[in-house]
file target_39.pdb (PDB, C-alpha atoms)
MODEL        1
ATOM      1  CA  MET A   1      -9.736 -39.112   8.904
ATOM      2  CA  LYS A   2     -11.080 -36.748   6.250
ATOM      3  CA  ILE A   3     -14.134 -36.054   8.402
ATOM      4  CA  TRP A   4     -12.009 -35.183  11.434
ATOM      5  CA  LYS A   5      -9.722 -33.072   9.272
ATOM      6  CA  ALA A   6     -12.728 -31.141   7.959
ATOM      7  CA  ILE A   7     -14.094 -30.682  11.490
ATOM      8  CA  TRP A   8     -10.712 -29.445  12.731
ATOM      9  CA  GLU A   9     -10.253 -27.022   9.843
ATOM     10  CA  GLY A  10     -13.802 -25.763  10.302
ATOM     11  CA  TRP A  11     -13.174 -25.159  14.004
ATOM     12  CA  ILE A  12      -9.964 -23.296  13.231
ATOM     13  CA  GLN A  13     -11.782 -21.082  10.735
ATOM     14  CA  LEU A  14     -14.583 -20.315  13.197
ATOM     15  CA  LYS A  15     -12.097 -19.502  15.938
ATOM     16  CA  LEU A  16     -10.074 -17.363  13.552
ATOM     17  CA  LYS A  17     -13.181 -15.424  12.531
ATOM     18  CA  ASP A  18     -14.057 -14.779  16.176
ATOM     19  CA  VAL A  19     -10.555 -13.485  16.889
ATOM     20  CA  VAL A  20     -10.485 -11.286  13.775
ATOM     21  CA  ASP A  21     -13.923  -9.868  14.589
ATOM     22  CA  SER A  22     -12.827  -9.057  18.137
ATOM     23  CA  TYR A  23      -9.779  -7.168  16.843
ATOM     24  CA  MET A  24     -11.711  -5.263  14.187
ATOM     25  CA  GLY A  25     -14.306  -4.255  16.746
ATOM     26  CA  LYS A  26     -11.595  -2.321  18.583
ATOM     27  CA  VAL A  27     -10.433  -0.334  15.547
ATOM     28  CA  LEU A  28     -13.566   0.770  13.728
ATOM     29  CA  GLU A  29     -11.706   3.642  12.043
ATOM     30  CA  VAL A  30      -9.612   1.090  10.140
ATOM     31  CA  LYS A  31     -12.680   0.071   8.141
ATOM     32  CA  GLU A  32     -13.126   3.570   6.718
ATOM     33  CA  TYR A  33      -9.407   3.802   5.932
ATOM     34  CA  CYS A  34      -9.594   0.490   4.073
ATOM     35  CA  GLN A  35     -12.675   1.594   2.179
ATOM     36  CA  ARG A  36     -10.890   4.752   1.024
ATOM     37  CA  CYS A  37      -8.003   2.631  -0.251
ATOM     38  CA  LEU A  38     -10.342   0.275  -2.093
ATOM     39  CA  ARG A  39     -12.036   3.276  -3.716
ATOM     40  CA  THR A  40      -8.634   4.830  -4.520
ATOM     41  CA  GLU A  41      -9.579   7.868  -2.456
ATOM     42  CA  ARG A  42      -6.532   8.270  -0.230
ATOM     43  CA  TRP A  43      -5.445  11.911  -0.175
ATOM     44  CA  ASP A  44      -8.784  12.868  -1.744
ATOM     45  CA  GLY A  45      -7.991  10.702  -4.752
ATOM     46  CA  ASN A  46      -4.849  12.674  -5.639
ATOM     47  CA  VAL A  47      -2.406  10.138  -7.089
ATOM     48  CA  VAL A  48       0.540  12.542  -6.890
ATOM     49  CA  LEU A  49       0.083  12.687  -3.120
ATOM     50  CA  MET A  50      -0.350   8.909  -2.920
ATOM     51  CA  VAL A  51       2.949   8.376  -4.723
ATOM     52  CA  VAL A  52       4.734  10.927  -2.537
ATOM     53  CA  ASP A  53       3.207   9.318   0.566
ATOM     54  CA  ALA A  54       4.483   5.888  -0.514
ATOM     55  CA  ALA A  55       7.958   7.254  -1.242
ATOM     56  CA  PHE A  56       8.229   8.989   2.135
ATOM     57  CA  THR A  57       6.810   5.983   3.979
ATOM     58  CA  SER A  58       9.386   3.690   2.368
ATOM     59  CA  ILE A  59      12.243   4.911   4.557
ATOM     60  CA  GLY A  60      10.537   3.791   7.752
ATOM     61  CA  LEU A  61       9.885   7.029   9.639
ATOM     62  CA  ASN A  62       6.830   7.492  11.849
ATOM     63  CA  TYR A  63       3.875   7.880   9.529
ATOM     64  CA  PHE A  64       1.780  10.392  11.455
ATOM     65  CA  GLN A  65       4.624  12.391  12.972
ATOM     66  CA  ALA A  66       6.947  12.569   9.961
ATOM     67  CA  VAL A  67       5.276  11.484   6.737
ATOM     68  CA  VAL A  68       1.824  13.064   6.933
ATOM     69  CA  PRO A  69       3.041  16.591   7.852
ATOM     70  CA  LYS A  70       5.541  16.558   4.983
ATOM     71  CA  VAL A  71       2.987  15.314   2.462
ATOM     72  CA  GLU A  72       0.660  18.069   3.653
ATOM     73  CA  ARG A  73       3.428  20.618   3.174
ATOM     74  CA  PHE A  74       4.108  19.237  -0.305
ATOM     75  CA  ARG A  75       0.408  19.544  -1.095
ATOM     76  CA  LYS A  76       0.231  23.133   0.102
ATOM     77  CA  GLU A  77       3.444  24.401  -1.493
ATOM     78  CA  LEU A  78       3.581  22.488  -4.761
ATOM     79  CA  VAL A  79       0.170  20.991  -5.520
ATOM     80  CA  GLU A  80      -2.242  23.690  -4.401
ATOM     81  CA  SER A  81       0.075  26.296  -5.919
ATOM     82  CA  GLY A  82      -0.319  24.608  -9.302
ATOM     83  CA  ASN A  83       3.366  23.749  -9.688
ATOM     84  CA  ILE A  84       2.691  20.004  -9.688
ATOM     85  CA  ARG A  85      -0.732  19.211 -11.095
ATOM     86  CA  ASN A  86      -0.385  15.576 -12.137
ATOM     87  CA  ILE A  87       1.970  12.601 -12.314
ATOM     88  CA  GLU A  88       3.671  13.983 -15.416
ATOM     89  CA  ASP A  89       4.620  17.112 -13.489
ATOM     90  CA  LEU A  90       5.906  15.033 -10.584
ATOM     91  CA  SER A  91       8.028  12.862 -12.864
ATOM     92  CA  VAL A  92      10.013  15.888 -14.083
ATOM     93  CA  ALA A  93       9.852  18.071 -10.964
ATOM     94  CA  ASN A  94      12.907  20.091  -9.955
ATOM     95  CA  ASP A  95      14.996  18.190  -7.398
ATOM     96  CA  GLU A  96      16.074  21.272  -5.459
ATOM     97  CA  GLU A  97      12.486  22.419  -5.105
ATOM     98  CA  LEU A  98      11.435  18.979  -3.896
ATOM     99  CA  GLU A  99      14.294  18.651  -1.425
ATOM    100  CA  ARG A 100      13.302  21.876   0.292
ATOM    101  CA  ILE A 101      10.313  19.915   1.567
ATOM    102  CA  TRP A 102      11.848  16.471   2.140
ATOM    103  CA  ARG A 103      15.608  16.119   2.285
ATOM    104  CA  ASN A 104      15.897  12.594   1.040
ATOM    105  CA  ARG A 105      16.934  12.328  -2.589
ATOM    106  CA  ARG A 106      16.255   8.602  -2.767
ATOM    107  CA  SER A 107      12.614   9.164  -1.831
ATOM    108  CA  TRP A 108      12.202  11.740  -4.568
ATOM    109  CA  GLN A 109      13.927   9.631  -7.200
ATOM    110  CA  MET A 110      11.600   6.783  -6.304
ATOM    111  CA  ALA A 111       8.534   9.032  -6.427
ATOM    112  CA  LYS A 112       9.562  10.488  -9.780
ATOM    113  CA  SER A 113      10.279   7.046 -11.239
ATOM    114  CA  VAL A 114       6.930   5.665 -10.069
ATOM    115  CA  ALA A 115       5.179   8.741 -11.456
ATOM    116  CA  SER A 116       7.018   8.302 -14.753
ATOM    117  CA  HIS A 117       5.831   4.721 -15.136
ATOM    118  CA  LEU A 118       2.255   5.639 -14.251
ATOM    119  CA  ALA A 119       2.424   8.549 -16.699
ATOM    120  CA  ARG A 120       3.479   6.113 -19.408
ATOM    121  CA  ILE A 121       0.450   3.931 -18.666
ATOM    122  CA  LYS A 122      -1.722   7.038 -18.570
ATOM    123  CA  GLY A 123      -0.573   8.136 -22.003
ATOM    124  CA  GLU A 124      -0.674   4.723 -23.642
ATOM    125  CA  ARG A 125      -4.131   3.877 -22.279
ATOM    126  CA  GLU A 126      -5.581   7.398 -22.467
ATOM    127  CA  LEU A 127      -6.399   7.425 -18.760
ATOM    128  CA  ASP A 128      -6.306  10.001 -15.990
ATOM    129  CA  ASP A 129      -3.946   9.765 -12.989
ATOM    130  CA  ARG A 130      -6.342   7.756 -10.853
ATOM    131  CA  GLU A 131      -7.259   5.358 -13.641
ATOM    132  CA  ALA A 132      -3.568   4.799 -14.410
ATOM    133  CA  LEU A 133      -2.830   3.808 -10.810
ATOM    134  CA  ILE A 134      -5.851   1.502 -10.750
ATOM    135  CA  TYR A 135      -4.804  -0.078 -14.050
ATOM    136  CA  TRP A 136      -1.280  -0.712 -12.795
ATOM    137  CA  ALA A 137      -2.502  -2.079  -9.455
ATOM    138  CA  LYS A 138      -4.901  -4.506 -11.130
ATOM    139  CA  HIS A 139      -2.196  -5.877 -13.406
ATOM    140  CA  ALA A 140       0.698  -5.920 -10.913
ATOM    141  CA  ARG A 141       1.330  -9.390  -9.503
ATOM    142  CA  LEU A 142       2.726  -9.952  -6.041
ATOM    143  CA  LYS A 143       4.533 -13.168  -6.931
ATOM    144  CA  ASP A 144       6.425 -11.345  -9.696
ATOM    145  CA  TRP A 145       6.787  -8.034  -7.895
ATOM    146  CA  THR A 146      10.565  -7.771  -8.369
ATOM    147  CA  GLU A 147      10.077  -8.018 -12.141
ATOM    148  CA  ASP A 148       7.366  -5.363 -12.254
ATOM    149  CA  PRO A 149       8.527  -1.987 -13.664
ATOM    150  CA  ILE A 150       7.642  -0.329 -10.359
ATOM    151  CA  GLY A 151       9.075  -3.193  -8.315
ATOM    152  CA  GLU A 152      12.365  -2.724 -10.179
ATOM    153  CA  ILE A 153      12.677   0.918  -9.105
ATOM    154  CA  LYS A 154      15.498   1.507  -6.638
ATOM    155  CA  GLY A 155      14.114   1.847  -3.127
ATOM    156  CA  VAL A 156      10.810   0.117  -3.855
ATOM    157  CA  GLY A 157      10.546  -2.894  -1.590
ATOM    158  CA  ILE A 158       7.661  -5.274  -1.176
ATOM    159  CA  ASN A 159       5.995  -2.988   1.387
ATOM    160  CA  THR A 160       6.010   0.015  -0.948
ATOM    161  CA  PHE A 161       4.866  -2.174  -3.831
ATOM    162  CA  GLN A 162       1.958  -3.458  -1.768
ATOM    163  CA  TYR A 163       1.132  -0.021  -0.399
ATOM    164  CA  LEU A 164       0.796   1.351  -3.920
ATOM    165  CA  ARG A 165      -1.368  -1.617  -4.925
ATOM    166  CA  MET A 166      -3.576  -0.991  -1.894
ATOM    167  CA  MET A 167      -3.981   2.681  -2.777
ATOM    168  CA  GLY A 168      -4.800   1.527  -6.300
ATOM    169  CA  GLY A 169      -7.798  -0.375  -4.965
ATOM    170  CA  ILE A 170      -6.411  -3.871  -4.422
ATOM    171  CA  ASP A 171      -7.660  -5.657  -1.306
ATOM    172  CA  THR A 172      -4.302  -6.794   0.035
ATOM    173  CA  VAL A 173      -1.835  -5.997   2.820
ATOM    174  CA  MET A 174       1.704  -4.780   3.456
ATOM    175  CA  PRO A 175       3.963  -7.309   5.197
ATOM    176  CA  ASP A 176       5.501  -4.677   7.458
ATOM    177  CA  LYS A 177       6.459  -5.210  11.091
ATOM    178  CA  ILE A 178       3.344  -3.589  12.563
ATOM    179  CA  VAL A 179       0.952  -5.610  10.415
ATOM    180  CA  LYS A 180       2.925  -8.769  11.140
ATOM    181  CA  ARG A 181       2.766  -8.143  14.873
ATOM    182  CA  VAL A 182      -1.010  -7.759  14.845
ATOM    183  CA  ILE A 183      -1.585 -10.698  12.514
ATOM    184  CA  GLY A 184       0.876 -12.751  14.555
ATOM    185  CA  GLU A 185      -1.237 -12.182  17.669
ATOM    186  CA  ILE A 186      -4.373 -13.193  15.785
ATOM    187  CA  LEU A 187      -2.751 -16.351  14.444
ATOM    188  CA  THR A 188      -1.373 -17.301  17.858
ATOM    189  CA  LYS A 189      -4.815 -16.989  19.450
ATOM    190  CA  SER A 190      -6.226 -19.082  16.613
ATOM    191  CA  ASN A 191      -3.573 -21.817  16.927
ATOM    192  CA  MET A 192      -2.192 -21.042  13.479
ATOM    193  CA  LYS A 193       1.413 -20.683  12.372
ATOM    194  CA  MET A 194       2.946 -17.452  11.142
ATOM    195  CA  PRO A 195       4.486 -17.749   7.641
ATOM    196  CA  SER A 196       8.132 -16.724   7.469
ATOM    197  CA  ALA A 197       8.148 -15.524   3.850
ATOM    198  CA  ASP A 198       6.552 -12.165   3.023
ATOM    199  CA  ILE A 199       4.616 -13.425   0.011
ATOM    200  CA  ASP A 200       3.254 -16.380   1.988
ATOM    201  CA  PHE A 201       2.253 -13.973   4.753
ATOM    202  CA  VAL A 202       0.354 -11.718   2.344
ATOM    203  CA  GLN A 203      -1.402 -14.663   0.747
ATOM    204  CA  LEU A 204      -2.454 -16.002   4.149
ATOM    205  CA  VAL A 205      -3.860 -12.634   5.221
ATOM    206  CA  GLU A 206      -5.749 -12.356   1.939
ATOM    207  CA  GLN A 207      -7.191 -15.818   2.574
ATOM    208  CA  ILE A 208      -8.203 -14.830   6.104
ATOM    209  CA  ALA A 209      -9.937 -11.741   4.714
ATOM    210  CA  ASN A 210     -11.802 -13.808   2.140
ATOM    211  CA  ASP A 211     -12.939 -16.329   4.751
ATOM    212  CA  SER A 212     -13.952 -13.795   7.405
TER
ENDMDL
END
call {"tool": "encode", "arguments": {"input": "target_39.pdb", "output": "structure tokens"}}
result
Amino acid sequence: MKIWKAIWEGWIQLKLKDVVDSYMGKVLEVKEYCQRCLRTERWDGNVVLMVVDAAFTSIGLNYFQAVVPKVERFRKELVESGNIRNIEDLSVANDEELERIWRNRRSWQMAKSVASHLARIKGERELDDREALIYWAKHARLKDWTEDPIGEIKGVGINTFQYLRMMGGIDTVMPDKIVKRVIGEILTKSNMKMPSADIDFVQLVEQIANDS
């Protein structure tokens, strides 16, 4: 029985790899995006913009139509102008000035709280913005995400938590509906079951990535 079990599992893995490879072959641009995340180079490595991106993305609006243009406006009006130069500046930024760009106070409170925690790490560890995000991402644990200082911030769900970890260089995934739909199709074609719990889903995708 062990032999047949090993043969079956090996066949499943081979089939899964074929399916994953066929999907990835259709979206070659995803590879470069992933590489930028792993190198912590999203938004040209500007952690302030990464945090703002994550905060805007958290409310579920269309990323390319709503989030990206607003982050670009934030960059032009407040970052390139020198008003917000680093995560410390973001953590104490004027609410009225911020809300002229994005009229969602919850997003800004989240962004400022995340920036504040990263600034604390930055100061304690004598790091720069990018190094602080990387340090946090490496030490943040998915299974304990609700107990993490960033996971405890109001408005930060598991998707935002994972998104920040990804931008901090961690090879992981967000369990959002789009990712789940794509992975669900891959699993169905590979005769594998879709996990119902978000953490189980993330762990399965990480395992698939490691085996592919």
call {"tool": "closest_atom_pairs", "arguments": {"input": "target_39.pdb", "of": "stretch 156-210 of chain A", "to": "stretch 50-66 of chain A", "cutoff": "12 Å", "atoms": "all atoms listed in the file", "output": "tab-separated table"}}
result
residue	atom	partner	partner_atom	distance
A:Val156	CA	A:Ser58	CA	7.3
A:Gly157	CA	A:Ser58	CA	7.8
A:Ile158	CA	A:Ser58	CA	9.8
A:Asn159	CA	A:Ser58	CA	7.6
A:Thr160	CA	A:Ser58	CA	6.0
A:Phe161	CA	A:Ala54	CA	8.7
A:Gln162	CA	A:Ala54	CA	9.8
A:Tyr163	CA	A:Ala54	CA	6.8
A:Leu164	CA	A:Ala54	CA	6.8
A:Arg165	CA	A:Ala54	CA	10.5
A:Met166	CA	A:Met50	CA	10.5
A:Met167	CA	A:Met50	CA	7.2
A:Gly168	CA	A:Met50	CA	9.3
A:Met174	CA	A:Ser58	CA	11.5
A:Asp176	CA	A:Gly60	CA	9.9
A:Lys177	CA	A:Gly60	CA	10.4
A:Ile178	CA	A:Gly60	CA	11.4
call {"tool": "atom_distance", "arguments": {"input": "target_39.pdb", "atom1": "atom CA of A:Glu147", "atom2": "atom CA of A:Arg103"}}
result
28.7 Å
call {"tool": "residues_around", "arguments": {"input": "target_39.pdb", "residues": "stretch 129-140 of chain A", "least_positions_apart": "3", "cutoff": "10 Å", "atoms": "all atoms listed in the file", "output": "number ranges by chain"}}
result
A: 38-41, 45-48, 50-51, 86-88, 114-115, 117-126, 143-145, 147-151, 161-170
call {"tool": "residues_near_point", "arguments": {"input": "target_39.pdb", "point": "(-1.6, 10.2, 2.3)", "cutoff": "7 Å", "atoms": "all atoms listed in the file", "output": "list in words"}}
result
Arg42, Trp43, Leu49, Met50, Asp53, Val68 and Val71 of chain A
call {"tool": "atom_distance", "arguments": {"input": "target_39.pdb", "atom1": "atom CA of A:Asn83", "atom2": "atom CA of A:Lys112"}}
result
14.6 Å
call {"tool": "atom_distance", "arguments": {"input": "target_39.pdb", "atom1": "atom CA of A:Lys70", "atom2": "atom CA of A:Leu127"}}
result
28.1 Å
call {"tool": "resolve_selection", "arguments": {"input": "target_39.pdb", "expression": "the PyMOL selection byres ((chain A and resi 203-212) around 7)", "output": "number ranges by chain"}}
result
A: 17, 172, 199-202
call {"tool": "axis_aligned_box", "arguments": {"input": "target_39.pdb", "around": "stretch 138-148 of chain A", "padding_each_side": "3 Å", "output": "JSON"}}
result
{"center_x": 2.8, "center_y": -8.8, "center_z": -9.7, "size_x": 21.5, "size_y": 14.7, "size_z": 13.4}
call {"tool": "closest_residue", "arguments": {"input": "target_39.pdb", "among": "A:Asn104, A:Ile186, A:Asp89, A:Met192", "to": "A:Ser116", "atoms": "only C-alpha atoms"}}
result
A:Asp89
call {"tool": "closest_residue", "arguments": {"input": "target_39.pdb", "among": "A:Asp128, A:Arg75, A:Ile153, A:Pro69", "to": "A:Asp44", "atoms": "only C-alpha atoms"}}
result
A:Arg75
call {"tool": "residues_near_point", "arguments": {"input": "target_39.pdb", "point": "(12.8, 16.7, -3.9)", "cutoff": "12 Å", "atoms": "only C-alpha atoms", "output": "PyMOL selection string"}}
result
chain A and resi 52+55-56+70-71+74+78+90-112
